[in-house]
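Structure file start02.txt; described as compact mmCIF, C-alpha atoms.
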```
# COMPACT_ATOMS: atom_id res chain seq x y z
CA MET F 1 5.05 48.99 -55.76
CA VAL F 2 7.71 49.37 -58.44
CA ASN F 3 9.52 46.34 -59.79
CA ARG F 4 10.96 45.26 -63.11
CA LEU F 5 9.28 41.84 -62.76
CA GLY F 6 5.63 41.35 -63.65
CA CYS F 7 4.66 38.99 -60.81
CA PHE F 8 1.26 40.57 -60.38
CA ASN F 9 -0.36 37.96 -58.13
CA LEU F 10 2.63 37.99 -55.78
CA PHE F 11 2.55 41.78 -55.48
CA SER F 12 -1.22 41.71 -55.09
CA LYS F 13 -0.88 39.34 -52.13
CA ILE F 14 1.66 41.67 -50.52
CA LEU F 15 -0.73 44.60 -50.90
CA ASP F 16 -3.58 42.53 -49.45
CA GLU F 17 -1.44 41.81 -46.40
CA VAL F 18 -0.56 45.50 -46.13
CA GLU F 19 -4.25 46.45 -46.18
CA LYS F 20 -5.06 43.76 -43.59
CA ARG F 21 -2.49 45.27 -41.22
CA ARG F 22 -3.42 48.86 -42.00
CA GLU F 23 -7.02 48.21 -40.95
CA MET F 24 -5.75 47.07 -37.54
CA SER F 25 -3.06 49.71 -37.12
CA PRO F 26 -0.86 51.60 -39.62
CA ALA F 27 2.08 50.83 -37.33
CA LEU F 28 1.85 47.14 -38.33
CA VAL F 29 2.54 47.96 -41.99
CA TYR F 30 6.16 49.09 -41.59
CA PRO F 31 7.52 45.95 -39.86
CA PHE F 32 5.82 43.77 -42.49
CA MET F 33 7.18 45.74 -45.44
CA GLY F 34 10.59 45.77 -43.77
CA SER F 35 10.51 41.96 -43.65
CA VAL F 36 9.46 41.83 -47.31
CA MET F 37 12.31 44.09 -48.38
CA GLU F 38 14.87 42.11 -46.36
CA THR F 39 13.82 38.75 -47.81
CA PRO F 40 15.49 37.76 -51.13
CA PHE F 41 13.04 37.78 -54.03
CA PRO F 42 12.01 34.20 -54.87
CA ALA F 43 13.37 32.49 -57.96
CA PRO F 44 10.87 31.38 -60.64
CA GLY F 45 8.72 28.56 -59.29
CA CYS F 46 9.91 29.06 -55.69
CA THR F 47 8.18 30.22 -52.51
CA ILE F 48 9.50 32.39 -49.70
CA THR F 49 8.10 32.91 -46.20
CA VAL F 50 7.91 36.39 -44.74
CA LYS F 51 7.43 36.60 -40.97
CA SER F 52 5.73 39.59 -39.41
CA TYR F 53 3.67 39.82 -36.26
CA LEU F 54 -0.08 40.04 -36.76
CA PRO F 55 -2.45 40.16 -33.75
CA GLY F 56 -4.59 37.04 -33.60
CA ALA F 57 -2.61 35.23 -36.28
CA GLY F 58 0.42 33.94 -34.44
CA ASP F 59 3.68 34.95 -36.06
CA GLY F 60 1.82 36.33 -39.09
CA SER F 61 3.86 34.29 -41.60
CA VAL F 62 3.00 34.93 -45.24
CA GLU F 63 4.03 32.67 -48.11
CA LEU F 64 4.84 34.42 -51.40
CA CYS F 65 5.08 32.24 -54.50
CA ARG F 66 6.62 33.33 -57.78
CA PRO F 67 5.28 31.42 -60.83
CA LEU F 68 7.59 29.77 -63.32
CA ASP F 69 6.23 32.03 -66.05
CA SER F 70 4.48 35.24 -65.04
CA LEU F 71 3.99 36.56 -68.60
CA LEU F 72 0.30 35.62 -68.74
CA GLU F 73 -0.34 35.32 -65.01
CA HIS F 74 -2.60 38.39 -64.85
CA VAL F 75 -4.45 37.74 -68.12
CA ASP F 76 -8.10 36.70 -68.05
CA PHE F 77 -8.85 35.31 -71.50
CA GLU F 78 -12.16 33.86 -70.34
CA CYS F 79 -13.40 37.36 -69.54
CA LEU F 80 -12.19 38.50 -72.96
CA PHE F 81 -14.06 35.75 -74.80
CA LYS F 82 -17.24 36.68 -72.92
CA CYS F 83 -17.02 40.22 -74.32
CA LEU F 84 -16.03 39.47 -77.91
CA THR F 85 -16.54 36.60 -80.30
CA VAL F 86 -13.43 34.96 -81.72
CA CYS F 87 -13.83 36.70 -85.10
CA HIS F 88 -14.20 40.10 -83.46
CA LEU F 89 -11.23 39.46 -81.17
CA ILE F 90 -9.00 38.59 -84.12
CA ARG F 91 -10.14 41.72 -85.92
CA VAL F 92 -9.08 43.82 -82.93
CA CYS F 93 -5.67 42.13 -82.87
CA ALA F 94 -5.25 42.68 -86.61
CA SER F 95 -5.95 46.39 -86.20
CA LEU F 96 -3.30 46.59 -83.48
CA LEU F 97 -0.80 44.87 -85.76
CA LEU F 98 -1.48 47.49 -88.42
CA GLU F 99 -0.77 50.16 -85.79
CA ARG F 100 -4.28 51.54 -85.92
CA ARG F 101 -6.21 53.14 -83.11
CA VAL F 102 -8.49 50.84 -81.13
CA ILE F 103 -11.10 52.17 -78.70
CA CYS F 104 -13.06 49.86 -76.39
CA CYS F 105 -16.35 50.90 -74.76
CA GLN F 106 -17.50 49.29 -71.53
CA GLN F 107 -19.91 49.86 -68.65
CA PRO F 108 -18.52 51.16 -65.33
CA LYS F 109 -19.34 47.92 -63.51
CA HIS F 110 -17.08 45.96 -65.83
CA THR F 111 -13.43 46.44 -66.57
CA VAL F 112 -11.64 47.62 -69.68
CA LYS F 113 -8.29 46.84 -68.13
CA MET F 114 -8.32 43.38 -69.71
CA TRP F 115 -6.49 45.09 -72.56
CA SER F 116 -3.62 46.14 -70.32
CA CYS F 117 0.06 46.02 -71.39
CA ARG F 118 2.03 47.67 -74.19
CA GLY F 119 0.44 45.43 -76.75
CA SER F 120 -2.44 43.03 -77.14
CA HIS F 121 -2.56 40.18 -74.60
CA PRO F 122 -3.97 37.63 -77.01
CA VAL F 123 -1.01 37.98 -79.40
CA SER F 124 1.47 38.24 -76.52
CA ILE F 125 3.67 40.79 -78.24
CA HIS F 126 4.92 44.23 -77.28
CA LEU F 127 3.87 47.21 -79.35
CA GLN F 128 5.05 50.72 -78.70
CA HIS F 129 1.86 52.74 -78.55
CA THR F 130 -0.29 54.82 -76.26
CA TYR F 131 -2.28 52.76 -73.78
CA ILE F 132 -5.01 54.30 -71.60
CA PRO F 133 -7.17 51.82 -69.59
CA VAL F 134 -10.02 54.30 -68.96
CA LEU F 135 -9.96 57.71 -70.63
CA PRO F 136 -11.73 60.48 -68.64
CA ALA F 137 -14.47 62.29 -70.55
CA SER F 138 -12.65 65.60 -69.98
CA MET F 139 -9.69 64.27 -72.00
CA MET F 140 -11.64 62.75 -74.88
CA ASP F 141 -9.79 64.87 -77.47
CA ILE F 142 -6.80 62.56 -77.02
CA VAL F 143 -8.46 60.00 -79.30
CA CYS F 144 -7.94 62.41 -82.22
CA SER F 145 -4.18 61.92 -82.02
CA PRO F 146 -2.92 60.26 -85.25
CA THR F 147 -0.61 57.90 -83.35
CA GLN F 148 -1.38 54.26 -82.63
CA SER F 149 -3.32 53.82 -79.41
CA LEU F 150 -5.32 51.35 -77.34
CA ILE F 151 -7.89 53.25 -75.29
CA GLY F 152 -10.77 52.28 -73.04
CA ILE F 153 -13.77 54.54 -72.46
CA LEU F 154 -17.05 54.23 -70.59
CA CYS F 155 -20.20 53.80 -72.66
CA CYS F 156 -21.58 57.05 -71.27
CA SER F 157 -18.77 58.86 -73.15
CA LEU F 158 -19.71 57.31 -76.50
CA PRO F 159 -21.87 60.24 -77.75
CA GLN F 160 -19.01 62.62 -77.05
CA LEU F 161 -16.62 60.30 -78.89
CA GLN F 162 -18.81 60.06 -81.98
CA ASP F 163 -18.86 63.85 -82.32
CA LEU F 164 -15.08 63.94 -82.80
CA PRO F 165 -13.38 63.85 -86.24
CA ILE F 166 -11.61 60.47 -86.05
CA GLU F 167 -10.71 58.19 -88.96
CA GLN F 168 -8.88 54.88 -89.35
CA VAL F 169 -10.12 53.75 -85.97
CA LEU F 170 -11.77 50.59 -84.65
CA ILE F 171 -14.38 51.23 -81.95
CA ALA F 172 -15.54 48.07 -80.15
CA ASP F 173 -18.54 47.86 -77.83
CA LEU F 174 -17.54 45.18 -75.31
CA CYS F 175 -21.04 45.08 -73.81
CA ALA F 176 -22.86 44.33 -77.07
CA ASP F 177 -20.03 42.46 -78.85
CA LYS F 178 -20.15 44.69 -81.91
CA PHE F 179 -18.12 47.30 -83.74
CA ILE F 180 -19.45 50.83 -83.73
CA GLN F 181 -16.90 52.00 -86.29
CA GLU F 182 -14.36 50.07 -88.35
CA VAL F 183 -12.19 50.33 -91.43
CA SER F 184 -13.52 48.91 -94.71
CA ASP F 185 -10.59 46.52 -95.31
CA LYS F 186 -11.56 44.33 -92.35
CA ASN F 187 -11.60 41.15 -94.46
CA GLU F 188 -8.24 41.76 -96.13
CA ILE F 189 -5.93 42.29 -93.16
CA LEU F 190 -4.90 38.70 -92.37
CA PRO F 191 -4.17 35.76 -94.73
CA PRO F 192 -7.52 33.92 -95.13
CA LYS F 193 -6.24 30.35 -94.62
CA LEU F 194 -4.16 31.19 -91.57
CA GLN F 195 -6.98 33.25 -90.10
CA ALA F 196 -9.40 30.34 -90.56
CA ALA F 197 -6.99 27.97 -88.78
CA LEU F 198 -6.59 30.41 -85.89
CA ILE F 199 -10.35 30.89 -85.59
CA GLN F 200 -10.90 27.13 -85.50
CA ILE F 201 -8.43 26.63 -82.62
CA LEU F 202 -9.91 29.46 -80.56
CA GLU F 203 -13.51 28.41 -81.17
CA GLU F 204 -12.72 24.82 -80.19
CA ARG F 205 -10.64 25.86 -77.16
CA ASN F 206 -12.92 24.16 -74.61
CA GLU F 207 -12.87 20.85 -76.48
CA ILE F 208 -9.09 21.00 -76.86
CA LEU F 209 -8.60 21.70 -73.16
CA SER F 210 -10.90 18.80 -72.24
CA GLN F 211 -8.90 16.41 -74.45
CA GLU F 212 -5.60 17.60 -72.98
CA GLN F 213 -6.90 16.97 -69.46
CA ILE F 214 -7.84 13.40 -70.41
CA PHE F 215 -4.20 12.76 -71.36
CA SER F 216 -3.02 14.44 -68.13
CA GLN F 217 -1.49 17.37 -69.99
CA HIS F 218 -1.33 20.54 -67.90
CA VAL F 219 -2.58 23.05 -70.48
CA THR F 220 -4.34 26.24 -69.42
CA LEU F 221 -6.53 28.53 -71.47
CA ASN F 222 -3.86 31.23 -71.34
CA SER F 223 -1.14 28.95 -72.72
CA LEU F 224 -3.48 27.54 -75.38
CA VAL F 225 -4.44 30.97 -76.72
CA SER F 226 -0.89 32.26 -76.56
CA GLU F 227 0.48 29.24 -78.42
CA ALA F 228 -2.23 29.55 -81.08
CA PHE F 229 -1.14 33.12 -81.88
CA VAL F 230 2.55 32.18 -81.81
CA ARG F 231 1.88 29.46 -84.38
CA PHE F 232 -0.14 31.91 -86.45
CA PHE F 233 2.84 34.27 -86.64
CA LEU F 234 5.24 31.44 -87.47
CA TRP F 235 2.97 30.22 -90.27
CA SER F 236 2.65 33.76 -91.60
CA TRP F 237 6.43 34.18 -91.60
CA TRP F 238 6.90 30.80 -93.35
CA ASP F 239 4.23 31.70 -95.91
CA ILE F 240 6.09 34.92 -96.76
CA ILE F 241 9.39 33.05 -97.23
CA LEU F 242 7.81 30.50 -99.54
```
Could you express the structure from this file as structure tokens?
Amino acid sequence: MVNRLGCFNLFSKILDEVEKRREMSPALVYPFMGSVMETPFPAPGCTITVKSYLPGAGDGSVELCRPLDSLLEHVDFECLFKCLTVCHLIRVCASLLLERRVICCQQPKHTVKMWSCRGSHPVSIHLQHTYIPVLPASMMDIVCSPTQSLIGILCCSLPQLQDLPIEQVLIADLCADKFIQEVSDKNEILPPKLQAALIQILEERNEILSQEQIFSQHVTLNSLVSEAFVRFFLWSWWDIIL
């Protein structure tokens, strides 16, 4: 499915419905997709109903909801925090900001696609660089390219990676929460005071969310993390001006 809008959950639901019909009969897919294409795409925060016959399910109506803000809809920060500590996560983001190469190692049963998009999800910015969710072992030489990149590899490919001549690269082991290789200026990339404030917010995220719920404030983990990084960049910009 090709679309200029990043409504991932909505598209995922459409594909689930397609698969449900395909298992019964491929002929059921075409009428459903025809109904989807004929129905106007929902506005932000609205829901549309697509009708298509499905045996055993009445008229087969499917409701498709478009969120008000789909920017972070497909981001799983909780999964990210389970793989990396806050300090390590910030170090990865800092390396991306300096346009360095970042390589993430993970086991096959997990996913390295949590890093997906043209930049780093936690900082919610767009960086123009090479992004490869899972690099095949047969193409491992790509990591030697001097351009900025965000690449995921399986842990079984790590020995092959370490035999390659690569410098100025951050290699993170998402299974062990450690860095296999890093640049020596790791403690000098970000302003110390601003980095400490960012670390405090992220480490106390659960307490902050609990307090917001007490006051009936609808704050999610995604919005909390995103806002923390936005404030970090604003403070950095203000610090430079002063």
Worksheet item: Once you count all atoms listed in the file, which residues end up no further than 12 Å from (-14.9, 38.1, -84.8) in the file's frame, shown as number ranges by chain?
Response: F: 81, 83-94, 172, 177-179, 186-187, 195-196, 198-200, 202-203
Store the residues picked out above, limited to C-alpha atoms, as a PDB file, in the coordinates of the input.
```pdb
ATOM      1  CA  PHE F  81     -14.060  35.750 -74.800  1.00  0.00           C
ATOM      2  CA  CYS F  83     -17.020  40.220 -74.320  1.00  0.00           C
ATOM      3  CA  LEU F  84     -16.030  39.470 -77.910  1.00  0.00           C
ATOM      4  CA  THR F  85     -16.540  36.600 -80.300  1.00  0.00           C
ATOM      5  CA  VAL F  86     -13.430  34.960 -81.720  1.00  0.00           C
ATOM      6  CA  CYS F  87     -13.830  36.700 -85.100  1.00  0.00           C
ATOM      7  CA  HIS F  88     -14.200  40.100 -83.460  1.00  0.00           C
ATOM      8  CA  LEU F  89     -11.230  39.460 -81.170  1.00  0.00           C
ATOM      9  CA  ILE F  90      -9.000  38.590 -84.120  1.00  0.00           C
ATOM     10  CA  ARG F  91     -10.140  41.720 -85.920  1.00  0.00           C
ATOM     11  CA  VAL F  92      -9.080  43.820 -82.930  1.00  0.00           C
ATOM     12  CA  CYS F  93      -5.670  42.130 -82.870  1.00  0.00           C
ATOM     13  CA  ALA F  94      -5.250  42.680 -86.610  1.00  0.00           C
ATOM     14  CA  ALA F 172     -15.540  48.070 -80.150  1.00  0.00           C
ATOM     15  CA  ASP F 177     -20.030  42.460 -78.850  1.00  0.00           C
ATOM     16  CA  LYS F 178     -20.150  44.690 -81.910  1.00  0.00           C
ATOM     17  CA  PHE F 179     -18.120  47.300 -83.740  1.00  0.00           C
ATOM     18  CA  LYS F 186     -11.560  44.330 -92.350  1.00  0.00           C
ATOM     19  CA  ASN F 187     -11.600  41.150 -94.460  1.00  0.00           C
ATOM     20  CA  GLN F 195      -6.980  33.250 -90.100  1.00  0.00           C
ATOM     21  CA  ALA F 196      -9.400  30.340 -90.560  1.00  0.00           C
ATOM     22  CA  LEU F 198      -6.590  30.410 -85.890  1.00  0.00           C
ATOM     23  CA  ILE F 199     -10.350  30.890 -85.590  1.00  0.00           C
ATOM     24  CA  GLN F 200     -10.900  27.130 -85.500  1.00  0.00           C
ATOM     25  CA  LEU F 202      -9.910  29.460 -80.560  1.00  0.00           C
ATOM     26  CA  GLU F 203     -13.510  28.410 -81.170  1.00  0.00           C
TER      27      GLU F 203
END
```
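Proximity of F:Leu209, F:Ile103, F:Leu80, F:Ile189 to Leu158 in chain F, computed with all atoms listed in the file, is greatest for F:Ile103.
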Write out as a PDB file with C-alpha atoms, in the coordinates of the input which residues come within 10 Å of range 34-38 of chain F when counting all atoms listed in the file, dropping same-chain ones fewer than 5 positions away.
```
ATOM      1  CA  ILE F  14       1.660  41.670 -50.520  1.00  0.00           C
ATOM      2  CA  VAL F  29       2.540  47.960 -41.990  1.00  0.00           C
ATOM      3  CA  ILE F  48       9.500  32.390 -49.700  1.00  0.00           C
ATOM      4  CA  THR F  49       8.100  32.910 -46.200  1.00  0.00           C
ATOM      5  CA  VAL F  50       7.910  36.390 -44.740  1.00  0.00           C
ATOM      6  CA  LYS F  51       7.430  36.600 -40.970  1.00  0.00           C
ATOM      7  CA  SER F  52       5.730  39.590 -39.410  1.00  0.00           C
ATOM      8  CA  VAL F  62       3.000  34.930 -45.240  1.00  0.00           C
ATOM      9  CA  LEU F  64       4.840  34.420 -51.400  1.00  0.00           C
TER      10      LEU F  64
END
```
Worksheet entry | Nearest to Leu234 in chain F, chosen from F:Leu54, F:Leu164, F:Leu194, F:Leu221, with all atoms listed in the file counted in the distances |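 Closest to Leu234 in chain F, using all atoms listed in the file: F:Leu194.
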Item to complete: List the residues sitting within 10 Å of (2.0, 26.2, -55.2) in the file's frame, using only C-alpha atoms, as an NGL selection string.
Response: :F and (45-47 or 63-67)
Could you work out an axis-aligned bounding box for all listed atoms of range 196-200 of chain F, with 3 Å added on each of the six sides, and give its centre and edge lengths in Å to one decimal, as AutoDock Vina command-line options?
```
--center_x -8.7 --center_y 29.0 --center_z -88.0 --size_x 10.3 --size_y 9.8 --size_z 11.1
```
Worksheet item: Which of these, F:Tyr53, F:Leu10, F:Val225, F:Pro165, has the shortest distance to Tyr30 in chain F once you count all atoms listed in the file?
Response: F:Tyr53
Practice prompt. Between F:Lys82, F:Met24, F:Pro31, F:Leu68, single out the one closest to Pro44 in chain F, counting all atoms listed in the file.
Written response: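 Closest residue, counting all atoms listed in the file: F:Leu68.
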Discussion item. Rounded to one decimal, what separation in Å do you get between CA of Leu174 in chain F and CA of Gln107 in chain F?
Written reply: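 According to the coordinates, CA of Leu174 in chain F and CA of Gln107 in chain F are separated by 8.5 Å.
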Worksheet item: Between F:Ala27, F:Leu150, F:Ala176, F:Ile171, which one has atoms that come closest to Leu97 in chain F, using all atoms listed in the file?
Response: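 Looking only at the distances to Leu97 in chain F, the closest residue turns out to be F:Leu150.
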Worksheet item: So how far away is CA of Phe8 in chain F from CA of Glu204 in chain F, in Å?
Response: 28.9 Å
Worksheet entry | Residue nearest Ser25 in chain F among F:Glu207, F:Pro55, F:Thr147, F:Leu5 (counting only C-alpha atoms) |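 Looking only at the distances to Ser25 in chain F, the closest residue turns out to be F:Pro55.
Taking CA of Asp76 in chain F and CA of Ser145 in chain F as the two end points, the separation is 29.1 Å.
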Item to complete: Skip Leu15 in chain F itself and residues of its chain fewer than 6 positions away, then list as a VMD selection string all residues within 10 Å of it, counting all atoms listed in the file.
Response: chain F and resid 1 9 21 33
